[in-house]
file structure_8.cif (mmCIF, C-alpha atoms and all ligand atoms)
data_input
#
loop_
_atom_site.label_atom_id
_atom_site.label_comp_id
_atom_site.auth_asym_id
_atom_site.auth_seq_id
_atom_site.Cartn_x
_atom_site.Cartn_y
_atom_site.Cartn_z
CA MET A 1 -3.47 7.86 -11.08
CA ASP A 2 -2.33 11.44 -11.70
CA LEU A 3 -5.84 12.64 -10.83
CA LEU A 4 -5.74 10.86 -7.46
CA LEU A 5 -2.26 12.13 -6.63
CA THR A 6 -3.16 15.71 -7.58
CA THR A 7 -6.33 15.60 -5.48
CA ALA A 8 -4.44 14.05 -2.57
CA ALA A 9 -1.99 16.97 -2.71
CA LYS A 10 -4.99 19.33 -2.42
CA PHE A 11 -6.24 17.40 0.62
CA ALA A 12 -2.77 17.72 2.14
CA ASP A 13 -3.03 21.51 1.84
CA ASP A 14 -6.66 21.66 2.98
CA PRO A 15 -8.11 18.53 4.62
CA PHE A 16 -11.60 20.08 4.61
CA ALA A 17 -11.66 21.24 0.98
CA ALA A 18 -14.59 18.93 0.15
CA ARG A 19 -16.41 18.51 3.45
CA GLU A 20 -19.85 18.01 1.87
CA THR A 21 -18.84 15.10 -0.41
CA LEU A 22 -20.07 12.37 1.94
CA ALA A 23 -22.64 14.42 3.89
CA ASN A 24 -25.36 12.13 5.29
CA GLN A 25 -23.51 9.06 3.98
CA THR A 26 -21.64 6.21 5.61
CA VAL A 27 -18.57 4.28 4.49
CA ALA A 28 -18.13 0.73 5.80
CA ILE A 29 -14.62 -0.37 6.77
CA TYR A 30 -14.36 -4.14 7.19
CA MET A 31 -11.10 -5.62 8.48
CA THR A 32 -10.17 -9.17 9.41
CA LYS A 33 -6.51 -8.22 9.99
CA PRO A 34 -5.07 -5.61 12.36
CA SER A 35 -4.41 -2.06 11.19
CA THR A 36 -3.11 1.16 12.70
CA ARG A 37 -2.55 3.49 9.74
CA THR A 38 -5.12 2.27 7.24
CA ARG A 39 -7.96 2.29 9.73
CA LEU A 40 -7.05 5.71 11.14
CA ALA A 41 -6.50 7.13 7.66
CA SER A 42 -9.76 5.70 6.33
CA GLU A 43 -11.92 6.83 9.24
CA THR A 44 -10.32 10.27 9.21
CA ALA A 45 -10.70 10.59 5.43
CA VAL A 46 -14.41 9.75 5.65
CA ALA A 47 -14.88 12.25 8.50
CA HIS A 48 -13.05 15.01 6.57
CA LEU A 49 -15.40 14.42 3.62
CA GLY A 50 -18.39 14.90 5.91
CA GLY A 51 -19.38 11.24 6.19
CA THR A 52 -19.57 8.68 8.98
CA PRO A 53 -17.25 5.67 9.01
CA VAL A 54 -18.74 2.38 10.21
CA PHE A 55 -15.96 0.08 11.34
CA LEU A 56 -16.67 -3.66 11.19
CA ARG A 57 -14.16 -6.04 12.73
CA GLY A 58 -13.75 -9.51 11.25
CA ASP A 59 -15.85 -11.33 13.80
CA ASP A 60 -18.51 -8.59 14.00
CA LEU A 61 -20.27 -9.81 10.88
CA GLN A 62 -22.46 -12.85 10.26
CA LEU A 63 -19.96 -13.61 7.48
CA GLY A 64 -17.94 -15.42 10.13
CA ARG A 65 -20.97 -17.62 10.87
CA GLY A 66 -21.59 -18.74 7.33
CA GLU A 67 -23.46 -15.87 5.68
CA THR A 68 -22.19 -15.65 2.11
CA ILE A 69 -19.90 -12.93 0.80
CA SER A 70 -22.47 -12.16 -1.85
CA ASP A 71 -25.34 -11.64 0.64
CA THR A 72 -23.05 -9.56 2.85
CA ALA A 73 -22.07 -7.38 -0.11
CA LYS A 74 -25.71 -6.73 -0.96
CA ILE A 75 -26.53 -5.72 2.61
CA ILE A 76 -23.54 -3.39 2.96
CA SER A 77 -24.41 -1.86 -0.43
CA GLY A 78 -27.85 -0.96 0.95
CA PHE A 79 -26.39 1.13 3.74
CA ALA A 80 -22.98 2.45 2.79
CA SER A 81 -21.64 4.54 -0.10
CA ALA A 82 -18.37 2.59 -0.28
CA LEU A 83 -16.70 -0.40 1.35
CA ILE A 84 -13.07 -0.41 2.40
CA VAL A 85 -11.87 -3.96 3.07
CA ARG A 86 -8.74 -5.56 4.50
CA THR A 87 -8.58 -9.33 4.58
CA PHE A 88 -6.56 -12.40 3.66
CA ALA A 89 -7.67 -13.78 0.28
CA GLN A 90 -7.71 -11.45 -2.71
CA SER A 91 -10.53 -13.60 -4.10
CA ASP A 92 -12.76 -12.52 -1.17
CA VAL A 93 -12.26 -8.86 -2.10
CA ASP A 94 -12.90 -9.68 -5.75
CA GLU A 95 -16.11 -11.47 -4.76
CA LEU A 96 -17.25 -8.57 -2.57
CA GLY A 97 -16.53 -6.20 -5.44
CA ALA A 98 -18.49 -8.30 -7.91
CA ALA A 99 -21.56 -8.60 -5.65
CA SER A 100 -21.60 -4.99 -4.41
CA THR A 101 -23.34 -2.07 -6.03
CA ILE A 102 -20.97 0.35 -4.28
CA PRO A 103 -17.22 0.82 -4.82
CA VAL A 104 -15.06 -1.67 -2.92
CA ILE A 105 -11.55 -0.50 -2.03
CA ASN A 106 -8.78 -2.99 -1.34
CA ALA A 107 -7.11 -1.94 1.93
CA LEU A 108 -4.67 -4.90 1.87
CA THR A 109 -4.88 -8.57 1.04
CA ASP A 110 -2.28 -11.31 1.07
CA ASP A 111 -1.55 -10.35 -2.55
CA ASP A 112 -1.76 -6.58 -2.76
CA HIS A 113 -1.82 -3.24 -0.94
CA PRO A 114 -2.74 -0.70 -3.61
CA THR A 115 -3.82 2.26 -1.44
CA GLN A 116 -0.43 2.23 0.30
CA LEU A 117 1.26 2.83 -3.04
CA LEU A 118 -0.62 6.06 -3.63
CA ALA A 119 0.74 7.42 -0.35
CA ASP A 120 4.19 6.19 -1.35
CA TRP A 121 4.12 7.84 -4.76
CA ILE A 122 2.81 11.20 -3.61
CA THR A 123 5.70 11.19 -1.12
CA ILE A 124 8.16 10.26 -3.87
CA ARG A 125 6.83 13.06 -6.09
CA GLU A 126 7.11 15.58 -3.28
CA LYS A 127 10.79 14.69 -3.07
CA PHE A 128 11.76 14.17 -6.72
CA GLY A 129 8.99 15.87 -8.74
CA THR A 130 7.11 14.23 -11.59
CA ASP A 131 10.11 13.85 -13.92
CA ILE A 132 11.41 10.48 -12.81
CA SER A 133 13.35 9.62 -15.95
CA GLY A 134 16.74 8.14 -15.19
CA ARG A 135 15.73 7.25 -11.64
CA LYS A 136 15.49 3.77 -10.18
CA PHE A 137 13.07 2.85 -7.37
CA THR A 138 13.83 -0.27 -5.38
CA TYR A 139 11.71 -2.39 -3.07
CA ILE A 140 13.92 -4.71 -1.07
CA GLY A 141 12.91 -7.67 1.12
CA ASP A 142 10.05 -10.14 1.12
CA GLY A 143 8.34 -10.77 -2.23
CA ASN A 144 4.97 -10.15 -0.58
CA ASN A 145 1.85 -8.02 -1.10
CA MET A 146 3.96 -4.84 -0.89
CA ALA A 147 6.44 -6.12 -3.48
CA HIS A 148 3.54 -6.89 -5.83
CA ALA A 149 1.95 -3.49 -5.28
CA TRP A 150 5.35 -1.79 -5.77
CA LEU A 151 5.91 -3.44 -9.15
CA ILE A 152 2.36 -2.87 -10.39
CA MET A 153 2.13 0.81 -9.35
CA GLY A 154 5.61 1.46 -10.73
CA ALA A 155 4.46 -0.07 -14.00
CA ILE A 156 1.33 2.12 -14.07
CA LEU A 157 3.42 5.25 -13.47
CA GLY A 158 6.04 4.36 -16.09
CA ALA A 159 8.85 4.10 -13.55
CA HIS A 160 11.99 1.99 -13.42
CA VAL A 161 11.08 -0.24 -10.49
CA VAL A 162 13.09 -3.06 -9.01
CA ALA A 163 12.16 -5.77 -6.52
CA ALA A 164 15.23 -7.20 -4.78
CA THR A 165 14.10 -10.34 -2.95
CA PRO A 166 15.30 -13.85 -2.19
CA SER A 167 14.75 -16.30 -5.01
CA GLY A 168 12.24 -19.15 -4.74
CA LYS A 169 9.66 -19.23 -1.98
CA TRP A 170 9.96 -15.54 -1.01
CA ALA A 171 10.24 -14.03 -4.47
CA PRO A 172 7.26 -12.02 -5.79
CA ASP A 173 4.46 -14.12 -7.32
CA ALA A 174 4.90 -14.77 -11.04
CA SER A 175 1.38 -13.47 -11.69
CA ALA A 176 2.17 -10.07 -10.12
CA ILE A 177 5.38 -9.78 -12.15
CA ALA A 178 3.46 -10.71 -15.31
CA THR A 179 0.80 -8.06 -14.56
CA ALA A 180 3.48 -5.40 -14.04
CA MET A 181 5.30 -6.43 -17.23
CA LYS A 182 2.08 -6.29 -19.22
CA ILE A 183 1.23 -2.79 -17.95
CA ALA A 184 4.84 -1.68 -18.56
CA LYS A 185 4.47 -2.41 -22.28
CA SER A 186 2.03 0.47 -22.62
CA THR A 187 3.58 2.89 -20.10
CA GLY A 188 7.27 2.46 -20.89
CA ALA A 189 8.05 1.34 -17.34
CA LYS A 190 11.07 -0.87 -16.67
CA ILE A 191 10.38 -3.79 -14.33
CA GLU A 192 13.24 -5.76 -12.79
CA VAL A 193 13.30 -8.57 -10.23
CA VAL A 194 16.75 -9.32 -8.82
CA HIS A 195 17.96 -11.59 -6.05
CA ASP A 196 20.94 -9.57 -4.92
CA ALA A 197 20.52 -6.77 -2.37
CA ARG A 198 23.53 -4.75 -3.53
CA ALA A 199 22.46 -4.87 -7.19
CA GLY A 200 19.00 -3.71 -6.14
CA ALA A 201 20.32 -0.84 -4.04
CA GLU A 202 22.96 0.41 -6.46
CA ASN A 203 22.22 3.97 -7.64
CA SER A 204 18.60 3.76 -6.51
CA SER A 205 16.66 6.91 -5.61
CA VAL A 206 14.40 5.04 -3.16
CA LEU A 207 15.07 2.04 -0.99
CA TYR A 208 11.74 0.74 0.25
CA THR A 209 11.21 -2.18 2.58
CA ASP A 210 8.50 -3.96 4.53
CA VAL A 211 8.28 -6.41 7.42
CA TRP A 212 9.69 -9.87 6.84
CA MET A 213 6.77 -11.62 8.56
CA SER A 214 3.46 -10.37 7.20
CA MET A 215 0.07 -10.77 8.83
CA GLY A 216 -1.00 -14.35 8.30
CA ASP A 217 2.49 -15.70 7.49
CA PRO A 218 3.01 -19.10 9.14
CA GLU A 219 5.03 -18.84 12.35
CA SER A 220 6.50 -22.27 11.57
CA GLU A 221 8.48 -20.64 8.72
CA ARG A 222 9.83 -17.69 10.75
CA ALA A 223 13.39 -18.96 11.32
CA GLU A 224 13.85 -20.15 7.74
CA LYS A 225 12.36 -16.97 6.33
CA LEU A 226 14.38 -14.56 8.47
CA LYS A 227 17.56 -16.39 7.48
CA ALA A 228 16.70 -16.15 3.79
CA LEU A 229 15.90 -12.46 4.14
CA SER A 230 18.86 -11.41 6.30
CA PRO A 231 21.04 -10.32 3.30
CA PHE A 232 18.22 -7.94 2.31
CA ALA A 233 18.23 -5.85 5.51
CA VAL A 234 18.47 -2.12 4.83
CA THR A 235 21.62 -1.02 6.65
CA PRO A 236 23.72 2.17 6.45
CA GLU A 237 26.17 0.17 4.30
CA LEU A 238 23.45 -0.67 1.79
CA MET A 239 22.23 2.95 1.75
CA LYS A 240 25.77 4.01 0.78
CA LEU A 241 25.29 2.25 -2.58
CA THR A 242 22.20 4.30 -3.45
CA ALA A 243 22.00 7.62 -5.34
CA PRO A 244 23.40 10.67 -3.48
CA ASP A 245 19.90 12.15 -2.94
CA SER A 246 18.23 8.83 -2.11
CA ILE A 247 15.48 8.34 0.45
CA PHE A 248 14.36 5.45 2.62
CA MET A 249 10.70 4.41 2.77
CA HIS A 250 8.67 1.79 4.67
CA CYS A 251 4.92 1.21 4.73
CA LEU A 252 5.14 0.45 8.47
CA PRO A 253 4.85 -1.18 10.96
CA ALA A 254 8.64 -1.59 11.14
CA HIS A 255 10.94 -3.90 13.05
CA ARG A 256 14.16 -2.03 13.74
CA GLY A 257 17.14 -4.37 13.69
CA GLU A 258 15.31 -6.79 11.41
CA GLU A 259 14.39 -5.49 7.92
CA VAL A 260 15.92 -2.05 8.63
CA SER A 261 18.54 -0.58 10.95
CA ALA A 262 17.43 2.09 13.40
CA GLU A 263 20.11 4.46 11.95
CA VAL A 264 18.41 4.27 8.56
CA ILE A 265 14.72 4.41 9.49
CA ASP A 266 15.30 7.13 12.10
CA GLY A 267 17.95 8.90 10.03
CA PRO A 268 17.82 11.97 7.74
CA ALA A 269 17.02 10.05 4.53
CA SER A 270 13.89 8.46 5.99
CA LEU A 271 10.52 9.84 4.84
CA ILE A 272 8.35 7.39 6.78
CA TRP A 273 6.30 9.95 8.71
CA ARG A 274 5.35 11.96 5.62
CA GLU A 275 4.54 8.69 3.87
CA ALA A 276 2.24 7.62 6.71
CA TYR A 277 0.60 11.08 6.77
CA HIS A 278 -0.31 10.63 3.11
CA ARG A 279 -2.35 7.49 3.85
CA ARG A 280 -5.18 9.89 4.79
CA THR A 281 -4.77 12.32 1.90
CA THR A 282 -4.72 9.54 -0.69
CA ILE A 283 -7.62 7.52 0.73
CA GLN A 284 -9.56 10.79 0.91
CA ALA A 285 -8.80 11.38 -2.78
CA ILE A 286 -9.92 7.86 -3.71
CA LEU A 287 -13.23 8.26 -1.84
CA TYR A 288 -13.78 11.74 -3.24
CA HIS A 289 -13.43 10.64 -6.86
CA LEU A 290 -15.25 7.33 -6.40
CA VAL A 291 -18.41 8.84 -4.95
CA ARG A 292 -18.40 11.53 -7.65
CA GLY A 293 -18.24 8.73 -10.23
CA ASP A 294 -14.95 9.97 -11.70
CA LEU A 295 -13.25 6.58 -11.53
CA GLN A 296 -14.22 3.53 -13.51
CA GLY A 297 -12.98 0.06 -12.42
CA SER A 298 -9.32 0.19 -11.48
CA ALA A 299 -6.65 -1.74 -9.61
CA LEU A 300 -8.00 -0.18 -6.44
CA LEU A 301 -11.35 -1.86 -6.74
CA GLY A 302 -12.15 -5.40 -5.79
N1 LIG A 401 0.96 0.51 6.19
C1 LIG A 401 -0.19 -0.01 6.70
O1 LIG A 401 -1.07 -0.49 5.97
O2 LIG A 401 -0.28 0.06 8.04
P1 LIG A 401 -1.42 -0.61 8.95
O3 LIG A 401 -1.25 -2.11 8.84
O4 LIG A 401 -1.16 -0.09 10.32
O5 LIG A 401 -2.76 -0.20 8.43
N1 LIG A 402 3.29 -7.04 4.25
C1 LIG A 402 2.67 -6.48 5.43
C2 LIG A 402 2.20 -5.10 5.16
C3 LIG A 402 1.63 -4.37 6.35
C4 LIG A 402 1.13 -3.00 6.03
C5 LIG A 402 1.54 -7.38 5.88
O1 LIG A 402 0.76 -7.82 5.02
O2 LIG A 402 1.42 -7.65 7.06
#
call {"tool": "encode", "arguments": {"input": "structure_8.cif", "output": "structure tokens", "more": "lines below"}}
Ligand code: CP
Ligand code: NVA
result
Amino acid sequence: MDLLLTTAAKFADDPFAARETLANQTVAIYMTKPSTRTRLASETAVAHLGGTPVFLRGDDLQLGRGETISDTAKIISGFASALIVRTFAQSDVDELGAASTIPVINALTDDDHPTQLLADWITIREKFGTDISGRKFTYIGDGNNMAHAWLIMGAILGAHVVAATPSGKWAPDASAIATAMKIAKSTGAKIEVVHDARAGAENSSVLYTDVWMSMGDPESERAEKLKALSPFAVTPELMKLTAPDSIFMHCLPAHRGEEVSAEVIDGPASLIWREAYHRRTTIQAILYHLVRGDLQGSALLG
């Protein structure tokens, strides 16, 4: 992970530092869910590495008409150097990864959003440096794909990470917590899941949140879900409980007045624009090292 973050920092300084990496190559980007940042960042990253992005919308492919994932993976592998995929089921990405002969990068599923976390952590390191001992990093809100990714990446980086979510239906999945706990055993990370917003926020260096209704969440649950999540809104009052030098982060898109107050997200502690900028630098670093063969299977691959 350090390698990716270091390379991403280089691509922040000089976006064109490796403009021949993907010369004469294409990278397929297949998405069955909307995207603003990830698509822009991915296409720009490919272009900066000298390649051509080929964007495939969900219903563009024969996959939607019954062609198998496995056949699709073989075809894409014959044309592209890598596949970036955003979809619903994690198992579909896993299947694409297993049947492809090219790297498959998870650009968000219902369960995970690993590339986002690289952008988050380079932003955190720019603010606090690499010595994060004694610091606490809190995700607050829905126990969704972002909560899972937050816990798992925090575990990989040996951080003290907290997820403050409602209990029950909107808590993080037990399997994601178990994965983070298992990784933490070898990295020394501290993983906590709490169901109290104030306890989560107290003395934290980062308060991080995400939308309360994710792509694909059933509309029929909106009222019940928003009620359960309302104590977890990031307000100026909650920010007052955090560490004196704390920052606010959000993967975006945001809903001001719902998961976060406008005063917080548009205030001086918010690093959302730098965080979004780093979606390109980090995806560029992933592609750079993948096509050079520097990375073996990792959490980023399907
Ligand atoms: N943060 C993020 O993944 O944004 P998009 O959904 O716009 O890609
Ligand atoms: N949890 C959100 C993240 C968007 C980047 C979703 O899946 O819609």
call {"tool": "closest_residue", "arguments": {"input": "structure_8.cif", "among": "A:Leu271, A:Ile140, A:Ile183, A:Ala149", "to": "Ser230 of chain A", "atoms": "all atoms listed in the file"}}
result
A:Ile140
call {"tool": "residues_near_ligand", "arguments": {"input": "structure_8.cif", "ligand": "ligand LIG 402 (chain A)", "cutoff": "8 Å", "atoms": "only C-alpha atoms and all ligand atoms", "output": "NGL selection string"}}
result
:A and (35 or 108-110 or 113 or 116 or 144-146 or 210-216 or 251-253)
call {"tool": "closest_residue", "arguments": {"input": "structure_8.cif", "among": "A:Ile132, A:Ala17, A:Ala276, A:Ala180", "to": "ligand LIG 401 (chain A)", "atoms": "all atoms listed in the file"}}
result
A:Ala276
call {"tool": "residues_near_ligand", "arguments": {"input": "structure_8.cif", "ligand": "ligand LIG 401 (chain A)", "cutoff": "12 Å", "atoms": "all atoms listed in the file", "output": "JSON, numbers by chain"}}
result
{"A": [29, 31, 32, 33, 34, 35, 36, 37, 38, 39, 40, 41, 42, 43, 84, 85, 86, 87, 106, 107, 108, 109, 110, 112, 113, 114, 115, 116, 117, 118, 119, 120, 145, 146, 209, 210, 211, 214, 215, 249, 250, 251, 252, 253, 254, 272, 273, 275, 276, 277, 278, 279, 280, 283]}
call {"tool": "closest_residue", "arguments": {"input": "structure_8.cif", "among": "A:Thr6, A:Ser246, A:Ser186, A:Ser175", "to": "Lys127 of chain A", "atoms": "all atoms listed in the file"}}
result
A:Ser246
call {"tool": "residues_near_point", "arguments": {"input": "structure_8.cif", "point": "(17.3, -14.8, 3.0)", "cutoff": "10 Å", "atoms": "all atoms listed in the file", "output": "JSON, numbers by chain"}}
result
{"A": [141, 142, 165, 166, 167, 170, 195, 212, 224, 225, 226, 227, 228, 229, 230, 231, 232, 233]}
call {"tool": "atom_distance", "arguments": {"input": "structure_8.cif", "atom1": "atom CA of Pro268 of chain A", "atom2": "atom CA of Phe248 of chain A"}}
result
9.0 Å
call {"tool": "residues_around", "arguments": {"input": "structure_8.cif", "residues": "Ile286 of chain A", "least_positions_apart": "3", "cutoff": "9 Å", "atoms": "only C-alpha atoms", "output": "number ranges by chain"}}
result
A: 4, 7-8, 105, 115, 281-283, 289-291, 295, 300
call {"tool": "closest_residue", "arguments": {"input": "structure_8.cif", "among": "A:Asp173, A:Asn24, A:Ala189, A:Lys182", "to": "Ala159 of chain A", "atoms": "all atoms listed in the file"}}
result
A:Ala189
call {"tool": "decode", "arguments": {"input": "structure_8.cif", "residues": "segment 56-92 of chain A", "atoms": "C-alpha atoms", "output": "PDB file, in the first residue's frame"}}
result
ATOM      1  CA  LEU A  56     -18.695   0.492 -21.283  1.00  0.00           C
ATOM      2  CA  ARG A  57     -22.025   1.311 -19.682  1.00  0.00           C
ATOM      3  CA  GLY A  58     -24.040  -1.461 -18.053  1.00  0.00           C
ATOM      4  CA  ASP A  59     -26.441  -2.004 -20.908  1.00  0.00           C
ATOM      5  CA  ASP A  60     -23.778  -1.598 -23.624  1.00  0.00           C
ATOM      6  CA  LEU A  61     -22.579  -5.170 -23.236  1.00  0.00           C
ATOM      7  CA  GLN A  62     -24.142  -8.465 -24.289  1.00  0.00           C
ATOM      8  CA  LEU A  63     -23.745  -9.395 -20.617  1.00  0.00           C
ATOM      9  CA  GLY A  64     -27.141  -7.783 -20.101  1.00  0.00           C
ATOM     10  CA  ARG A  65     -28.610 -10.155 -22.703  1.00  0.00           C
ATOM     11  CA  GLY A  66     -27.352 -13.350 -21.166  1.00  0.00           C
ATOM     12  CA  GLU A  67     -23.719 -13.634 -22.244  1.00  0.00           C
ATOM     13  CA  THR A  68     -21.821 -15.097 -19.310  1.00  0.00           C
ATOM     14  CA  ILE A  69     -19.449 -13.154 -17.088  1.00  0.00           C
ATOM     15  CA  SER A  70     -16.758 -15.666 -17.910  1.00  0.00           C
ATOM     16  CA  ASP A  71     -17.094 -15.236 -21.707  1.00  0.00           C
ATOM     17  CA  THR A  72     -17.213 -11.457 -21.282  1.00  0.00           C
ATOM     18  CA  ALA A  73     -14.039 -11.538 -19.185  1.00  0.00           C
ATOM     19  CA  LYS A  74     -12.208 -13.530 -21.857  1.00  0.00           C
ATOM     20  CA  ILE A  75     -13.239 -11.107 -24.597  1.00  0.00           C
ATOM     21  CA  ILE A  76     -12.266  -7.986 -22.625  1.00  0.00           C
ATOM     22  CA  SER A  77      -8.938  -9.654 -21.747  1.00  0.00           C
ATOM     23  CA  GLY A  78      -8.218  -9.992 -25.480  1.00  0.00           C
ATOM     24  CA  PHE A  79      -8.469  -6.266 -26.060  1.00  0.00           C
ATOM     25  CA  ALA A  80      -7.663  -4.354 -22.893  1.00  0.00           C
ATOM     26  CA  SER A  81      -4.684  -4.256 -20.526  1.00  0.00           C
ATOM     27  CA  ALA A  82      -6.879  -3.871 -17.440  1.00  0.00           C
ATOM     28  CA  LEU A  83     -10.551  -3.770 -16.497  1.00  0.00           C
ATOM     29  CA  ILE A  84     -11.979  -1.283 -14.034  1.00  0.00           C
ATOM     30  CA  VAL A  85     -15.444  -2.355 -12.897  1.00  0.00           C
ATOM     31  CA  ARG A  86     -18.239  -0.820 -10.827  1.00  0.00           C
ATOM     32  CA  THR A  87     -21.312  -2.932 -10.206  1.00  0.00           C
ATOM     33  CA  PHE A  88     -23.684  -4.305  -7.592  1.00  0.00           C
ATOM     34  CA  ALA A  89     -22.618  -7.797  -6.506  1.00  0.00           C
ATOM     35  CA  GLN A  90     -19.074  -8.319  -5.263  1.00  0.00           C
ATOM     36  CA  SER A  91     -19.354 -11.886  -6.568  1.00  0.00           C
ATOM     37  CA  ASP A  92     -19.635 -10.537 -10.145  1.00  0.00           C
TER      38      ASP A  92
END
